[in-house]
$ cat data23.tsv   # TSV, C-alpha atoms
chain	number	residue	atom	x	y	z
A	240	MET	CA	-54.16	-11.60	-43.10
A	241	GLY	CA	-53.37	-10.11	-39.68
A	242	GLU	CA	-50.49	-10.99	-37.43
A	243	PRO	CA	-50.80	-14.25	-35.52
A	244	GLY	CA	-52.06	-13.96	-31.96
A	245	ASP	CA	-49.99	-14.79	-28.89
A	246	ASP	CA	-51.66	-18.16	-28.39
A	247	GLU	CA	-50.89	-19.19	-31.93
A	248	LEU	CA	-47.28	-18.04	-31.59
A	249	MET	CA	-46.90	-19.92	-28.31
A	250	LYS	CA	-48.15	-23.09	-29.97
A	251	ALA	CA	-45.38	-22.69	-32.53
A	252	VAL	CA	-42.82	-21.83	-29.83
A	253	SER	CA	-43.69	-25.01	-27.95
A	254	ALA	CA	-42.82	-26.83	-31.20
A	255	GLY	CA	-39.39	-25.18	-31.16
A	256	ASP	CA	-40.15	-22.37	-33.64
A	257	GLN	CA	-37.56	-19.62	-33.06
A	258	VAL	CA	-39.18	-17.23	-35.54
A	259	ALA	CA	-42.44	-17.35	-33.59
A	260	PHE	CA	-40.46	-16.73	-30.42
A	261	SER	CA	-38.76	-13.69	-31.94
A	262	HIS	CA	-42.22	-12.26	-32.79
A	263	LEU	CA	-43.27	-12.67	-29.18
A	264	VAL	CA	-40.08	-11.00	-27.93
A	265	LYS	CA	-40.51	-8.08	-30.30
A	266	ARG	CA	-44.13	-7.65	-29.29
A	267	HIS	CA	-43.82	-7.93	-25.52
A	268	LEU	CA	-40.26	-7.05	-24.52
A	269	PRO	CA	-40.85	-3.27	-24.21
A	270	ILE	CA	-43.89	-3.79	-21.95
A	271	LEU	CA	-42.19	-6.39	-19.77
A	272	HIS	CA	-38.98	-4.38	-19.59
A	273	ARG	CA	-40.92	-1.33	-18.42
A	274	TYR	CA	-42.47	-3.32	-15.56
A	275	LEU	CA	-39.22	-4.93	-14.48
A	276	THR	CA	-37.20	-1.73	-14.74
A	277	HIS	CA	-39.59	0.19	-12.51
A	278	LEU	CA	-40.04	-2.77	-10.19
A	279	ALA	CA	-36.32	-3.43	-9.74
A	280	GLY	CA	-35.40	0.25	-9.87
A	281	SER	CA	-32.75	0.02	-12.57
A	282	ALA	CA	-32.61	-0.48	-16.31
A	283	ALA	CA	-29.73	-2.95	-15.92
A	284	ASP	CA	-31.83	-5.17	-13.64
A	285	GLY	CA	-34.72	-4.72	-16.06
A	286	ASP	CA	-32.47	-6.04	-18.86
A	287	GLU	CA	-31.30	-9.06	-16.89
A	288	LEU	CA	-34.73	-10.02	-15.62
A	289	SER	CA	-36.41	-9.53	-19.01
A	290	GLN	CA	-33.81	-11.72	-20.67
A	291	GLU	CA	-34.23	-14.43	-18.06
A	292	ALA	CA	-38.03	-14.25	-18.26
A	293	PHE	CA	-38.07	-14.75	-22.02
A	294	LEU	CA	-35.63	-17.63	-21.80
A	295	ARG	CA	-37.98	-19.23	-19.27
A	296	VAL	CA	-40.81	-18.78	-21.76
A	297	TRP	CA	-38.74	-20.60	-24.38
A	298	GLN	CA	-37.92	-23.41	-21.98
A	299	SER	CA	-41.43	-23.79	-20.55
A	300	ALA	CA	-43.56	-23.00	-23.59
A	301	ASP	CA	-45.33	-26.36	-23.33
A	302	LYS	CA	-46.60	-25.38	-19.87
A	303	PHE	CA	-48.57	-22.43	-21.22
A	304	ARG	CA	-52.34	-23.07	-21.26
A	305	PRO	CA	-54.05	-20.67	-23.70
A	306	GLY	CA	-57.56	-20.91	-22.22
A	307	LYS	CA	-56.37	-20.36	-18.67
A	308	ALA	CA	-54.60	-17.01	-18.96
A	309	ARG	CA	-53.48	-14.44	-21.50
A	310	PHE	CA	-49.89	-14.85	-22.61
A	311	ILE	CA	-48.99	-11.38	-21.31
A	312	THR	CA	-50.33	-12.28	-17.85
A	313	TRP	CA	-48.38	-15.54	-17.84
A	314	LEU	CA	-45.23	-13.70	-18.95
A	315	HIS	CA	-45.60	-11.14	-16.16
A	316	ARG	CA	-46.13	-13.90	-13.63
A	317	ILE	CA	-42.89	-15.59	-14.71
A	318	ALA	CA	-41.08	-12.25	-14.53
A	319	HIS	CA	-42.58	-11.34	-11.17
A	320	ASN	CA	-41.52	-14.68	-9.67
A	321	LEU	CA	-38.03	-14.21	-11.06
A	322	TYR	CA	-37.84	-10.82	-9.39
A	323	ILE	CA	-39.07	-12.20	-6.08
A	324	ASP	CA	-36.48	-15.00	-6.26
A	325	GLU	CA	-33.84	-12.42	-7.05
A	326	ILE	CA	-34.62	-10.16	-4.08
A	327	ARG	CA	-34.84	-13.17	-1.77
A	328	ARG	CA	-31.42	-14.29	-2.94
A	329	ASN	CA	-29.78	-10.89	-2.75
A	330	ARG	CA	-31.73	-9.29	0.06
A	331	PRO	CA	-32.48	-11.89	2.71
A	332	ASP	CA	-33.77	-9.18	5.02
A	333	ASN	CA	-36.19	-8.19	2.21
A	334	LEU	CA	-35.46	-4.52	2.60
A	335	PRO	CA	-37.02	-2.17	0.07
A	336	LEU	CA	-34.74	-1.27	-2.80
A	337	ASP	CA	-32.29	1.53	-2.45
A	338	PRO	CA	-34.08	4.63	-3.73
A	339	GLU	CA	-30.80	6.09	-4.97
A	340	ALA	CA	-30.54	3.23	-7.46
A	341	VAL	CA	-33.24	4.92	-9.54
A	342	ASP	CA	-31.14	8.00	-10.05
A	343	GLU	CA	-28.05	6.00	-10.97
A	344	SER	CA	-29.51	3.66	-13.52
A	345	PRO	CA	-30.83	5.73	-16.45
A	346	GLY	CA	-28.24	7.00	-18.88
A	347	PRO	CA	-27.76	10.72	-19.61
A	348	GLU	CA	-30.28	10.71	-22.47
A	349	GLN	CA	-32.92	9.09	-20.34
A	350	GLN	CA	-32.19	11.52	-17.55
A	351	MET	CA	-32.82	14.39	-19.94
A	352	GLN	CA	-36.18	12.90	-20.91
A	353	LEU	CA	-37.34	12.31	-17.40
A	354	GLY	CA	-39.13	15.25	-15.95
A	355	GLN	CA	-38.60	16.32	-12.38
A	356	GLU	CA	-42.03	15.01	-11.48
A	357	SER	CA	-41.36	11.64	-13.01
A	358	ARG	CA	-37.99	11.27	-11.28
A	359	LEU	CA	-39.53	12.07	-7.93
A	360	LEU	CA	-42.28	9.58	-8.57
A	361	GLN	CA	-39.76	6.88	-9.45
A	362	GLN	CA	-37.88	7.61	-6.27
A	363	ALA	CA	-41.10	7.47	-4.23
A	364	LEU	CA	-42.03	4.21	-5.98
A	365	ALA	CA	-38.65	2.70	-5.16
A	366	GLU	CA	-39.16	3.52	-1.49
A	367	LEU	CA	-42.45	1.63	-1.33
A	368	PRO	CA	-42.49	-1.98	-0.15
A	369	GLU	CA	-42.06	-4.35	-3.08
A	370	ALA	CA	-45.63	-5.70	-3.03
A	371	GLN	CA	-47.21	-2.22	-3.05
A	372	ARG	CA	-44.89	-1.09	-5.85
A	373	SER	CA	-45.69	-4.17	-7.87
A	374	ALA	CA	-49.47	-3.77	-7.41
A	375	LEU	CA	-49.34	-0.12	-8.47
A	376	LEU	CA	-47.19	-0.82	-11.50
A	377	LEU	CA	-49.30	-3.73	-12.69
A	378	CYS	CA	-52.60	-1.85	-12.41
A	379	GLN	CA	-51.66	1.78	-13.05
A	380	VAL	CA	-48.84	1.42	-15.56
A	381	GLN	CA	-49.12	-2.01	-17.15
A	382	GLY	CA	-52.92	-1.77	-17.40
A	383	PHE	CA	-53.87	-5.11	-15.87
A	384	SER	CA	-57.23	-5.57	-14.18
A	385	ASN	CA	-57.16	-6.13	-10.42
A	386	GLN	CA	-57.96	-9.78	-11.02
A	387	GLU	CA	-55.08	-10.26	-13.45
A	388	ALA	CA	-52.65	-8.37	-11.22
A	389	ALA	CA	-53.70	-10.54	-8.28
A	390	ALA	CA	-53.04	-13.66	-10.37
A	391	ILE	CA	-49.61	-12.36	-11.37
A	392	MET	CA	-48.73	-11.66	-7.75
A	393	ASP	CA	-50.28	-14.93	-6.61
A	394	THR	CA	-52.58	-13.21	-4.15
A	395	GLY	CA	-56.28	-12.53	-3.69
A	396	VAL	CA	-58.12	-9.59	-5.26
A	397	ARG	CA	-58.91	-8.07	-1.85
A	398	ALA	CA	-55.29	-8.29	-0.78
A	399	LEU	CA	-54.31	-6.62	-4.03
A	400	GLU	CA	-56.82	-3.81	-3.49
A	401	SER	CA	-55.39	-3.26	-0.06
A	402	LEU	CA	-51.85	-3.13	-1.51
A	403	LEU	CA	-53.02	-0.60	-4.10
A	404	ALA	CA	-54.64	1.60	-1.46
A	405	ARG	CA	-51.58	1.53	0.81
A	406	GLY	CA	-49.33	2.09	-2.19
A	407	ARG	CA	-51.26	5.17	-3.34
A	408	ARG	CA	-51.25	6.63	0.15
A	409	GLY	CA	-47.55	5.84	0.51
A	410	LEU	CA	-46.78	7.60	-2.76
A	411	ARG	CA	-48.78	10.65	-1.70
A	412	GLN	CA	-46.95	10.88	1.62
A	413	ARG	CA	-43.51	10.40	0.08
A	414	LEU	CA	-44.13	12.93	-2.67
A	415	ALA	CA	-45.44	15.40	-0.11
A	416	ARG	CA	-42.03	15.27	1.56
A	417	SER	CA	-40.20	16.15	-1.63
A	418	VAL	CA	-42.61	18.42	-3.55
A	419	PRO	CA	-43.48	21.75	-1.95
A	420	SER	CA	-46.67	22.09	-3.98
A	421	THR	CA	-50.13	20.65	-4.17
A	422	VAL	CA	-48.95	17.18	-3.23
A	423	LYS	CA	-47.30	18.52	-0.11
A	424	LYS	CA	-50.47	20.21	1.07
A	425	ALA	CA	-52.42	17.06	0.33
A	426	GLY	CA	-49.97	14.81	2.14
A	427	GLN	CA	-50.22	16.92	5.27
A	428	GLN	CA	-53.96	16.32	5.54
B	25	MET	CA	-76.95	9.65	-0.28
B	26	ASN	CA	-74.41	9.23	2.55
B	27	ALA	CA	-72.49	12.30	3.70
B	28	MET	CA	-68.76	12.06	3.09
B	29	ASP	CA	-65.99	13.75	5.04
B	30	ALA	CA	-62.35	14.33	4.11
B	31	LYS	CA	-61.25	11.13	5.84
B	32	ASN	CA	-63.81	8.98	3.98
B	33	PHE	CA	-62.84	10.77	0.79
B	34	GLU	CA	-59.16	9.93	1.24
B	35	GLN	CA	-59.99	6.29	1.96
B	36	ALA	CA	-62.09	6.15	-1.20
B	37	LEU	CA	-59.32	7.86	-3.13
B	38	ASP	CA	-56.85	5.22	-1.92
B	39	ARG	CA	-59.22	2.53	-3.00
B	40	TRP	CA	-60.45	3.69	-6.39
B	41	GLY	CA	-58.01	6.37	-7.53
B	42	SER	CA	-58.58	9.88	-8.86
B	43	ASP	CA	-60.91	9.00	-11.74
B	44	LEU	CA	-64.35	9.46	-10.23
B	45	SER	CA	-65.93	7.41	-13.01
B	46	ASP	CA	-64.23	4.36	-11.43
B	47	TRP	CA	-66.03	4.98	-8.13
B	48	PRO	CA	-69.35	3.34	-7.20
B	49	ALA	CA	-72.26	5.68	-7.97
B	50	THR	CA	-73.20	6.49	-4.35
B	51	GLU	CA	-69.63	7.34	-3.34
B	52	ARG	CA	-69.11	9.31	-6.53
B	53	GLN	CA	-72.12	11.54	-5.87
B	54	ALA	CA	-71.04	12.12	-2.28
B	55	ALA	CA	-67.48	12.89	-3.42
B	56	GLU	CA	-68.67	15.35	-6.07
B	57	ALA	CA	-70.74	17.17	-3.46
B	58	LEU	CA	-67.78	17.30	-1.05
B	59	LEU	CA	-65.39	18.50	-3.78
B	60	VAL	CA	-67.61	21.52	-4.40
B	61	ARG	CA	-67.49	22.70	-0.80
B	62	SER	CA	-64.07	21.59	0.55
B	63	LYS	CA	-60.78	23.21	-0.52
B	64	ASP	CA	-58.77	20.53	1.34
B	65	VAL	CA	-60.48	17.77	-0.56
B	66	GLN	CA	-59.89	19.64	-3.83
B	67	THR	CA	-56.18	19.81	-2.96
B	68	LEU	CA	-56.11	16.12	-2.14
B	69	MET	CA	-57.80	15.26	-5.41
B	70	GLU	CA	-55.38	17.46	-7.35
B	71	ALA	CA	-52.42	15.71	-5.71
B	72	GLU	CA	-53.83	12.32	-6.58
B	73	ARG	CA	-54.37	13.42	-10.19
B	74	GLN	CA	-50.74	14.52	-10.39
B	75	ILE	CA	-49.64	11.10	-9.15
B	76	ASP	CA	-51.87	9.32	-11.67
B	77	SER	CA	-50.55	11.52	-14.43
B	78	ALA	CA	-46.94	10.83	-13.38
B	79	LEU	CA	-47.70	7.09	-13.27
B	80	SER	CA	-49.19	7.30	-16.75
B	81	ALA	CA	-46.03	9.03	-17.92
B	82	LEU	CA	-44.08	5.91	-16.93
B	83	ARG	CA	-45.83	4.12	-19.81
B	84	GLU	CA	-43.50	5.91	-22.20
B	85	HIS	CA	-40.64	3.48	-22.23
B	86	ALA	CA	-38.01	2.53	-24.75
B	87	VAL	CA	-35.93	-0.60	-24.81
B	88	SER	CA	-32.68	-1.15	-26.61
B	89	SER	CA	-32.77	-3.35	-29.71
B	90	ARG	CA	-29.53	-4.91	-28.46
B	91	LEU	CA	-31.46	-6.54	-25.63
B	92	GLU	CA	-33.82	-8.17	-28.10
B	93	GLN	CA	-30.83	-9.49	-30.04
B	94	ARG	CA	-29.17	-10.72	-26.86
B	95	ILE	CA	-32.23	-12.74	-25.93
B	96	LEU	CA	-32.53	-14.28	-29.38
B	97	THR	CA	-28.85	-15.14	-29.69
B	98	ARG	CA	-28.93	-16.93	-26.34
B	99	LEU	CA	-31.63	-19.32	-27.50
B	100	PRO	CA	-29.52	-22.06	-29.12
B	101	ALA	CA	-27.49	-22.27	-25.93
B	102	VAL	CA	-30.61	-22.91	-23.89
B	103	ALA	CA	-32.23	-26.30	-23.91
B	104	GLY	CA	-35.45	-25.31	-25.60
B	105	SER	CA	-38.76	-27.02	-25.88
B	106	ASP	CA	-37.75	-29.14	-28.85
B	107	PRO	CA	-40.84	-31.16	-29.72
B	108	ALA	CA	-38.71	-34.08	-30.83
B	109	ALA	CA	-37.22	-34.43	-27.37
B	110	GLY	CA	-40.51	-35.61	-25.90
B	111	ALA	CA	-41.18	-37.99	-28.79
B	112	TYR	CA	-37.88	-39.80	-28.59
B	113	ASP	CA	-37.16	-40.04	-24.90
B	114	GLY	CA	-40.38	-41.87	-24.14
B	115	GLN	CA	-41.54	-39.29	-21.63
B	116	TRP	CA	-44.64	-38.60	-23.67
B	117	ILE	CA	-45.91	-42.12	-22.87
B	118	TRP	CA	-45.76	-41.42	-19.15
B	119	SER	CA	-47.26	-37.96	-19.51
B	120	TRP	CA	-50.11	-39.42	-21.59
B	121	LEU	CA	-50.72	-42.23	-19.12
B	122	SER	CA	-50.55	-39.95	-16.10
B	123	ALA	CA	-52.98	-37.43	-17.62
B	124	LYS	CA	-56.04	-36.76	-15.45
B	125	VAL	CA	-58.40	-38.75	-17.68
B	126	TRP	CA	-56.37	-41.93	-17.51
B	127	ARG	CA	-55.38	-41.82	-13.85
B	128	PRO	CA	-58.64	-43.38	-12.48
B	129	VAL	CA	-58.64	-45.95	-15.28
B	130	LEU	CA	-55.12	-46.95	-14.34
B	131	LEU	CA	-56.05	-47.20	-10.66
B	132	ALA	CA	-59.15	-49.31	-11.39
B	133	GLY	CA	-57.10	-51.59	-13.62
B	134	VAL	CA	-54.53	-52.47	-10.92
B	135	PRO	CA	-56.71	-55.06	-9.02
B	136	LEU	CA	-57.86	-56.53	-12.33
B	137	ILE	CA	-54.27	-57.04	-13.49
B	138	PHE	CA	-53.38	-58.50	-10.08
B	139	GLY	CA	-56.28	-60.96	-10.34
B	140	PHE	CA	-55.21	-62.13	-13.80
B	141	ALA	CA	-51.63	-62.54	-12.63
B	142	MET	CA	-52.70	-64.65	-9.67
B	143	GLY	CA	-54.99	-66.78	-11.83
B	144	PHE	CA	-52.39	-67.51	-14.48
B	145	GLY	CA	-49.73	-68.04	-11.82
B	146	LEU	CA	-51.52	-70.95	-10.12
B	147	PRO	CA	-50.02	-74.42	-10.84
B	148	ASP	CA	-52.06	-77.24	-12.44
B	149	LEU	CA	-53.54	-79.37	-9.61
B	150	THR	CA	-54.50	-83.04	-9.38
B	151	GLU	CA	-58.03	-83.93	-8.33
B	152	GLN	CA	-56.95	-84.62	-4.74
B	153	GLU	CA	-54.90	-81.41	-4.48
B	154	LEU	CA	-57.87	-79.48	-5.81
B	155	ALA	CA	-60.14	-81.08	-3.17
B	156	GLU	CA	-57.61	-80.11	-0.47
B	157	GLN	CA	-57.49	-76.51	-1.73
B	158	ILE	CA	-61.27	-76.28	-1.78
B	159	SER	CA	-61.54	-77.71	1.74
B	160	MET	CA	-58.97	-75.18	2.91
B	161	LEU	CA	-60.94	-72.38	1.32
B	162	ALA	CA	-64.12	-73.71	2.96
B	163	LEU	CA	-62.30	-73.81	6.31
B	164	SER	CA	-63.43	-77.42	6.83
B	165	ASP	CA	-61.59	-80.73	6.97
B	166	ILE	CA	-63.20	-82.96	4.34
B	167	TYR	CA	-60.86	-85.90	5.12
B	168	GLN	CA	-61.71	-85.83	8.78
B	169	GLU	CA	-65.38	-85.99	7.81
B	170	ILE	CA	-64.70	-88.96	5.48
B	171	ASP	CA	-62.71	-90.76	8.21
B	172	ASP	CA	-65.50	-90.15	10.70
B	173	ALA	CA	-68.04	-91.53	8.22
B	174	GLN	CA	-65.96	-94.66	7.58
B	175	GLN	CA	-65.63	-95.39	11.29
$ encode --input "data23.tsv" --output "structure tokens"
Amino acid sequence: MGEPGDDELMKAVSAGDQVAFSHLVKRHLPILHRYLTHLAGSAADGDELSQEAFLRVWQSADKFRPGKARFITWLHRIAHNLYIDEIRRNRPDNLPLDPEAVDESPGPEQQMQLGQESRLLQQALAELPEAQRSALLLCQVQGFSNQEAAAIMDTGVRALESLLARGRRGLRQRLARSVPSTVKKAGQQ
Amino acid sequence: MNAMDAKNFEQALDRWGSDLSDWPATERQAAEALLVRSKDVQTLMEAERQIDSALSALREHAVSSRLEQRILTRLPAVAGSDPAAGAYDGQWIWSWLSAKVWRPVLLAGVPLIFGFAMGFGLPDLTEQELAEQISMLALSDIYQEIDDAQQ
């Protein structure tokens, strides 16, 4: 017999089953943590937000409607809202995140693993406005469809497509400033 | 097939990304034709592919097992969705009654309940009191008519 699906586990979680909850955490924490780390620009913020998101899942399990959305979409929506609340609380002027934060957060081992290209990309991502960064991460990294990403961000599909387009162009321009190679030539066009 | 220039190409690239198979057929054909003859567009496409590849590289991500443990150990301290809570505090009755299906039934039942309450609340009347009530309801003065008839 295969592993139980997310919907089945959520049914058990809404009945207070901690074992089912631990299965869900094990299955989805790495994916959610990746999104939140790149969105917030630091692994420490990724930790905090992931923890809070899963605790919200535990507290609000009875609000999950299996037929309406996939669990992973619902989880990302919770996490995205938490992040938005967080930046509203801490950054009333809603400034983009400090790009330097990306370089500070990963530990030495992670730094070794990150290639130059990847570090520059993370820095360029951090400089993008939050909504563009979020749209790019959800579609290009997390693998959501435009429709699902729009639902997570509580926006329309057209608005999301526009965010994606501006985000891609923004990345190209920012990378062109820091990479004296193909990207640079392309960004100058 | 529409002709495509570098500007249109960049707009399409922003919209659909570097994988031409994601582009609509007409735009894809125009883009392929432009890629063959324009070095600038080739450079632009190469840059976009590098970005896509760097974004894909972000998928490689590890998370500490301590975080998983931290989340799980915090659970008992958090008021969870204990199923018993709903059963014992009576909230389930309200949530059942206020469910979408029952809301119109409840609304329709309000005048009915009011009518029954009024009916059972009326005092027992003597024959004369009943005649007075009926004459009041009829907006006529039955006694005046009787007096007039007697005169």
$ closest_atom_pairs --input "data23.tsv" --of "chain B" --to "chain A" --cutoff "10 Å" --atoms "all atoms listed in the file" --output "Markdown table"
| residue | atom | partner | partner_atom | distance |
| --- | --- | --- | --- | --- |
| B:Ala30 | CA | A:Gln428 | CA | 8.7 |
| B:Lys31 | CA | A:Gln428 | CA | 9.0 |
| B:Glu34 | CA | A:Arg408 | CA | 8.6 |
| B:Gln35 | CA | A:Ala404 | CA | 7.9 |
| B:Ala36 | CA | A:Ala404 | CA | 8.7 |
| B:Leu37 | CA | A:Ala404 | CA | 8.0 |
| B:Asp38 | CA | A:Ala404 | CA | 4.3 |
| B:Arg39 | CA | A:Ala404 | CA | 4.9 |
| B:Trp40 | CA | A:Ala404 | CA | 7.9 |
| B:Gly41 | CA | A:Arg407 | CA | 8.0 |
| B:Asp64 | CA | A:Ala425 | CA | 7.3 |
| B:Val65 | CA | A:Ala425 | CA | 8.1 |
| B:Gln66 | CA | A:Ala425 | CA | 8.9 |
| B:Thr67 | CA | A:Ala425 | CA | 5.7 |
| B:Leu68 | CA | A:Ala425 | CA | 4.5 |
| B:Met69 | CA | A:Ala425 | CA | 8.1 |
| B:Glu70 | CA | A:Thr421 | CA | 6.9 |
| B:Ala71 | CA | A:Val422 | CA | 4.5 |
| B:Glu72 | CA | A:Arg411 | CA | 7.2 |
| B:Arg73 | CA | A:Val422 | CA | 9.6 |
| B:Gln74 | CA | A:Val422 | CA | 7.8 |
| B:Ile75 | CA | A:Arg411 | CA | 7.5 |
| B:Asp76 | CA | A:Gln379 | CA | 7.7 |
| B:Ser77 | CA | A:Ser357 | CA | 9.3 |
| B:Ala78 | CA | A:Ser357 | CA | 5.7 |
| B:Leu79 | CA | A:Val380 | CA | 6.2 |
| B:Ser80 | CA | A:Val380 | CA | 6.0 |
| B:Ala81 | CA | A:Ser357 | CA | 7.3 |
| B:Leu82 | CA | A:Val380 | CA | 6.7 |
| B:Arg83 | CA | A:Val380 | CA | 5.9 |
| B:Glu84 | CA | A:Arg273 | CA | 8.6 |
| B:His85 | CA | A:Arg273 | CA | 6.1 |
| B:Ala86 | CA | A:Pro269 | CA | 6.5 |
| B:Val87 | CA | A:Pro269 | CA | 5.6 |
| B:Ser88 | CA | A:Pro269 | CA | 8.8 |
| B:Ser89 | CA | A:Lys265 | CA | 9.1 |
| B:Leu91 | CA | A:Asp286 | CA | 6.9 |
| B:Glu92 | CA | A:Val264 | CA | 6.9 |
| B:Gln93 | CA | A:Ser261 | CA | 9.2 |
| B:Arg94 | CA | A:Gln290 | CA | 7.8 |
| B:Ile95 | CA | A:Gln290 | CA | 5.6 |
| B:Leu96 | CA | A:Ser261 | CA | 6.8 |
| B:Arg98 | CA | A:Leu294 | CA | 8.1 |
| B:Leu99 | CA | A:Leu294 | CA | 7.2 |
| B:Pro100 | CA | A:Gln257 | CA | 9.3 |
| B:Val102 | CA | A:Gln298 | CA | 7.6 |
| B:Ala103 | CA | A:Gln298 | CA | 6.7 |
| B:Gly104 | CA | A:Gln298 | CA | 4.8 |
| B:Ser105 | CA | A:Gln298 | CA | 5.4 |
| B:Asp106 | CA | A:Gly255 | CA | 4.9 |
| B:Pro107 | CA | A:Ala254 | CA | 5.0 |
| B:Ala108 | CA | A:Ala254 | CA | 8.3 |
$ atom_distance --input "data23.tsv" --atom1 "CA of Gln412 in chain A" --atom2 "CA of Phe383 in chain A"
24.7 Å
$ closest_residue --input "data23.tsv" --among "A:Ala259, A:Leu321, A:Leu278, A:Ile391" --to "Arg309 in chain A" --atoms "only C-alpha atoms"
A:Ile391
$ atom_distance --input "data23.tsv" --atom1 "CA of Asp393 in chain A" --atom2 "CA of Arg316 in chain A"
8.2 Å
$ residues_around --input "data23.tsv" --residues "Leu58 in chain B" --least-positions-apart "2" --cutoff "9 Å" --atoms "all atoms listed in the file" --output "list in words"
Ala27, Met28, Asp29, Ala30, Phe33, Gln53, Ala54, Ala55, Glu56, Val60, Arg61, Ser62, Val65 and Gln66 of chain B
$ atom_distance --input "data23.tsv" --atom1 "CA of His267 in chain A" --atom2 "CA of Ser45 in chain B"
29.7 Å
$ axis_aligned_box --input "data23.tsv" --around "range 245-249 of chain A" --padding-each-side "6 Å" --output "JSON"
{"center_x": -49.3, "center_y": -17.4, "center_z": -30.1, "size_x": 16.8, "size_y": 17.1, "size_z": 15.6}
